[in-house]
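Participant: query_36.cif is the file, holding mmCIF, C-alpha atoms:
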data_model
#
loop_
_atom_site.label_atom_id
_atom_site.label_comp_id
_atom_site.auth_asym_id
_atom_site.auth_seq_id
_atom_site.Cartn_x
_atom_site.Cartn_y
_atom_site.Cartn_z
CA MET H 1 -35.40 68.84 11.75
CA LYS H 2 -31.75 68.31 12.70
CA LEU H 3 -29.06 70.94 12.79
CA VAL H 4 -26.76 69.07 10.41
CA ASP H 5 -29.51 69.02 7.76
CA LEU H 6 -29.55 72.83 7.70
CA ILE H 7 -25.81 73.37 7.22
CA TYR H 8 -24.18 73.72 3.82
CA LYS H 9 -20.47 74.06 3.14
CA GLU H 10 -21.18 77.42 1.50
CA SER H 11 -22.66 78.70 4.77
CA ILE H 12 -19.44 78.02 6.70
CA SER H 13 -16.54 80.42 7.04
CA ILE H 14 -13.30 78.92 8.38
CA GLY H 15 -10.53 81.32 9.38
CA ALA H 16 -12.72 84.41 9.20
CA SER H 17 -11.90 87.74 10.76
CA PHE H 18 -14.43 90.45 11.61
CA ALA H 19 -13.99 93.87 13.18
CA THR H 20 -17.41 93.84 14.88
CA ALA H 21 -20.28 91.53 15.75
CA GLU H 22 -22.48 93.38 13.25
CA GLU H 23 -19.94 92.78 10.48
CA ALA H 24 -19.96 89.06 11.33
CA ILE H 25 -23.77 88.94 11.24
CA GLU H 26 -23.82 90.69 7.87
CA ALA H 27 -21.16 88.42 6.36
CA LEU H 28 -22.90 85.23 7.51
CA THR H 29 -26.23 86.60 6.29
CA ASP H 30 -24.64 87.18 2.87
CA ARG H 31 -23.68 83.50 2.73
CA LEU H 32 -27.28 82.47 3.50
CA CYS H 33 -28.60 84.93 0.91
CA ALA H 34 -26.28 83.44 -1.72
CA LEU H 35 -27.79 80.02 -0.96
CA GLY H 36 -31.32 81.41 -1.40
CA LYS H 37 -32.21 80.79 2.25
CA ILE H 38 -32.82 84.48 2.96
CA LYS H 39 -34.62 86.66 0.44
CA HIS H 40 -34.37 90.11 2.04
CA ARG H 41 -30.90 90.65 3.48
CA ASP H 42 -31.45 93.98 5.22
CA GLN H 43 -34.74 92.85 6.76
CA PHE H 44 -33.08 89.76 8.22
CA VAL H 45 -30.02 91.65 9.49
CA ALA H 46 -32.37 94.12 11.19
CA ALA H 47 -34.24 91.22 12.85
CA VAL H 48 -30.97 89.74 14.16
CA LEU H 49 -29.73 93.11 15.42
CA ASP H 50 -33.10 93.75 17.11
CA ARG H 51 -32.78 90.37 18.83
CA GLU H 52 -29.27 91.29 19.97
CA LYS H 53 -30.71 94.40 21.67
CA GLN H 54 -33.17 92.23 23.64
CA GLY H 55 -30.39 90.23 25.23
CA PRO H 56 -26.88 89.06 24.50
CA THR H 57 -26.25 85.97 22.41
CA ALA H 58 -22.65 85.37 23.53
CA PHE H 59 -22.69 82.45 25.92
CA GLY H 60 -19.12 82.30 27.16
CA GLU H 61 -16.51 79.79 26.04
CA GLY H 62 -15.91 81.92 22.93
CA LEU H 63 -19.35 81.21 21.50
CA ALA H 64 -22.10 83.45 20.10
CA VAL H 65 -25.42 82.27 18.65
CA PRO H 66 -27.12 85.27 17.05
CA HIS H 67 -30.49 84.51 15.54
CA GLY H 68 -33.37 86.15 13.81
CA LYS H 69 -36.99 85.24 13.18
CA SER H 70 -38.29 86.92 10.07
CA ASP H 71 -40.42 86.56 6.94
CA ALA H 72 -37.17 87.30 5.09
CA VAL H 73 -36.08 83.72 5.84
CA VAL H 74 -37.22 81.24 3.19
CA GLU H 75 -36.52 78.15 5.32
CA PRO H 76 -34.68 77.44 8.57
CA CYS H 77 -30.96 77.88 8.01
CA VAL H 78 -27.64 77.98 9.82
CA ALA H 79 -24.30 79.65 9.10
CA PHE H 80 -21.06 79.05 11.00
CA ALA H 81 -17.92 81.12 11.36
CA ILE H 82 -14.75 79.83 12.99
CA LEU H 83 -12.58 82.89 13.55
CA ASP H 84 -8.81 83.20 13.37
CA SER H 85 -8.97 86.07 15.84
CA SER H 86 -11.79 86.75 18.25
CA VAL H 87 -14.36 89.52 17.93
CA LYS H 88 -15.93 91.39 20.86
CA TRP H 89 -19.58 90.43 21.45
CA ALA H 90 -22.08 91.57 24.08
CA GLY H 91 -22.08 88.93 26.80
CA MET H 92 -24.48 87.67 29.44
CA ASP H 93 -22.88 89.67 32.25
CA GLU H 94 -23.21 92.93 30.28
CA GLU H 95 -19.53 92.91 29.41
CA ASP H 96 -18.10 92.19 26.01
CA GLU H 97 -16.77 88.69 25.48
CA ASP H 98 -14.16 87.40 23.06
CA VAL H 99 -15.95 85.18 20.55
CA ASP H 100 -14.30 82.85 18.04
CA ILE H 101 -17.24 80.59 17.12
CA ILE H 102 -20.37 82.20 15.66
CA VAL H 103 -23.49 80.25 14.75
CA LEU H 104 -26.15 82.34 12.98
CA LEU H 105 -29.67 80.90 12.92
CA GLY H 106 -32.34 82.07 10.49
CA ILE H 107 -35.90 81.10 11.35
CA PRO H 108 -39.00 81.89 9.26
CA LEU H 109 -41.83 83.33 11.36
CA ALA H 110 -43.92 80.26 10.50
CA HIS H 111 -41.30 78.09 12.28
CA GLN H 112 -40.55 80.37 15.22
CA GLY H 113 -41.82 78.05 17.94
CA ASP H 114 -40.74 74.43 17.75
CA THR H 115 -37.99 74.73 15.12
CA HIS H 116 -36.31 77.66 16.86
CA ILE H 117 -36.32 75.95 20.26
CA ALA H 118 -35.24 72.57 18.84
CA LEU H 119 -32.26 74.08 16.99
CA LEU H 120 -31.14 76.13 19.99
CA SER H 121 -31.47 73.07 22.21
CA GLU H 122 -29.43 70.87 19.86
CA LEU H 123 -26.78 73.57 19.48
CA THR H 124 -26.54 74.06 23.23
CA CYS H 125 -26.16 70.34 23.86
CA LEU H 126 -23.36 70.11 21.29
CA LEU H 127 -21.51 73.31 22.09
CA ILE H 128 -21.45 72.86 25.86
CA ASP H 129 -18.99 70.01 25.29
CA ASP H 130 -15.38 71.27 25.44
CA GLU H 131 -14.09 68.51 23.15
CA PHE H 132 -16.71 69.27 20.50
CA ARG H 133 -15.94 73.00 20.57
CA ASP H 134 -12.24 72.26 20.25
CA ALA H 135 -12.90 69.88 17.37
CA ILE H 136 -14.90 72.41 15.36
CA LYS H 137 -12.40 75.18 16.15
CA ASN H 138 -9.73 72.97 14.63
CA SER H 139 -11.75 72.07 11.53
CA VAL H 140 -9.64 72.71 8.45
CA SER H 141 -12.56 72.78 6.04
CA ALA H 142 -16.31 73.26 5.88
CA GLU H 143 -16.71 69.55 5.10
CA ALA H 144 -14.73 68.63 8.23
CA LEU H 145 -16.89 70.90 10.38
CA ILE H 146 -20.08 69.37 8.98
CA GLU H 147 -18.72 65.89 9.66
CA GLN H 148 -17.91 66.88 13.26
CA ILE H 149 -21.50 68.01 13.72
CA ARG H 150 -22.90 64.90 12.03
CA THR H 151 -20.80 62.59 14.24
CA ALA H 152 -21.64 64.45 17.45
CA SER H 153 -25.35 64.47 16.61
CA GLU H 154 -25.57 60.69 16.22
#
Would you mind writing the structure in this file as structure tokens?
Facilitator:
Amino acid sequence: MKLVDLIYKESISIGASFATAEEAIEALTDRLCALGKIKHRDQFVAAVLDREKQGPTAFGEGLAVPHGKSDAVVEPCVAFAILDSSVKWAGMDEEDEDVDIIVLLGIPLAHQGDTHIALLSELTCLLIDDEFRDAIKNSVSAEALIEQIRTASE
């Protein structure tokens, strides 16, 4: 299962602005719910927020990868937000970081092992590259962002 196969233009928000990390998680969850990928919004949001309490999902370089494993998820799914202005997010060094790229992963409990690790691994490999991050930050449309991911994944 490849990352690009789990991304839909409707699950991408370009030029978004959020007051808090929780607001961002809720907004991206709403996009996945509208696509039918998540069947119980509040249950999934709770799973993501519980995961956030276990350890930060901001990785520096303006990037956060919140994720939740839950029966509320119908099938593995991904939502992206490229922000116009950064949002504060709990970081690895216990200080808030400025985040302007958010990638929300939804994983059904039945897929929590291999799928979860494979998606995080692929994301990490892509997003560690400065040029790739810059390219997706400068995407002018959801289609352009998907094409950036497709090209980088080849």
Participant: What is the atom CA of H:Ala19-atom CA of H:Trp89 distance in Å, reported with one decimal?
Facilitator: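 So the two atoms, atom CA of H:Ala19 and atom CA of H:Trp89, lie 10.6 Å apart.
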Participant: Ranking H:Cys33, H:Leu120, H:Ile12, H:Asp130 by minimum distance to H:Ala64 and counting all atoms listed in the file, which one comes first?
Facilitator: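 Of all the options, H:Leu120 lies closest to H:Ala64.
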Participant: Once the PyMOL selection byres ((chain H and resi 78-86) around 10) has been evaluated on this model, what residues remain selected, and can you format them as a count of residues only?
Facilitator: 58
Participant: For the interface of stretch 68-112 of chain H with stretch 40-59 of chain H (cut-off 8 Å, counting all atoms listed in the file), please tabulate each contacting residue of stretch 68-112 of chain H alongside its nearest pair of atoms and their separation in Å to one decimal, rows sorted by chain and increasing number, as a tab-separated table.
Facilitator:
residue	atom	partner	partner_atom	distance
H:Gly68	CA	H:Val48	CA	4.3
H:Lys69	CA	H:Ala47	CA	6.6
H:Ser70	CA	H:Phe44	CA	6.2
H:Ala72	CA	H:His40	CA	5.0
H:Val73	CA	H:Phe44	CA	7.2
H:Trp89	CA	H:Ala58	CA	6.3
H:Ala90	CA	H:Pro56	CA	5.4
H:Gly91	CA	H:Ala58	CA	4.9
H:Met92	CA	H:Pro56	CA	5.7
H:Glu94	CA	H:Pro56	CA	7.9
H:Glu97	CA	H:Ala58	CA	7.0
H:Val99	CA	H:Ala58	CA	7.3
Participant: Hey, which of H:Pro66, H:Lys2, H:Glu61, H:Ala110 ends up closest to H:Glu26? Count all atoms listed in the file.
Facilitator: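 Residue with the minimum atom-to-atom distance to H:Glu26: H:Pro66.
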Participant: Expressed in Å to a single decimal, how great is the separation between atom CA of H:Ala21 and atom CA of H:Glu122?
Facilitator: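 Between atom CA of H:Ala21 and atom CA of H:Glu122 the gap is 23.0 Å.
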Participant: What's the separation between atom CA of H:Ile38 and atom CA of H:Asp134, in Å to one decimal place?
Facilitator: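 Atom-to-atom, atom CA of H:Ile38 to atom CA of H:Asp134, that is 29.5 Å.
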Participant: Put a box with edges along x, y and z around all the listed atoms of stretch 8-12 of chain H, pad it by 5 Å on each side, then give me its centre and sizes in Å, one decimal, as JSON.
Facilitator:
{"center_x": -21.8, "center_y": 76.2, "center_z": 4.1, "size_x": 14.7, "size_y": 15.0, "size_z": 15.2}
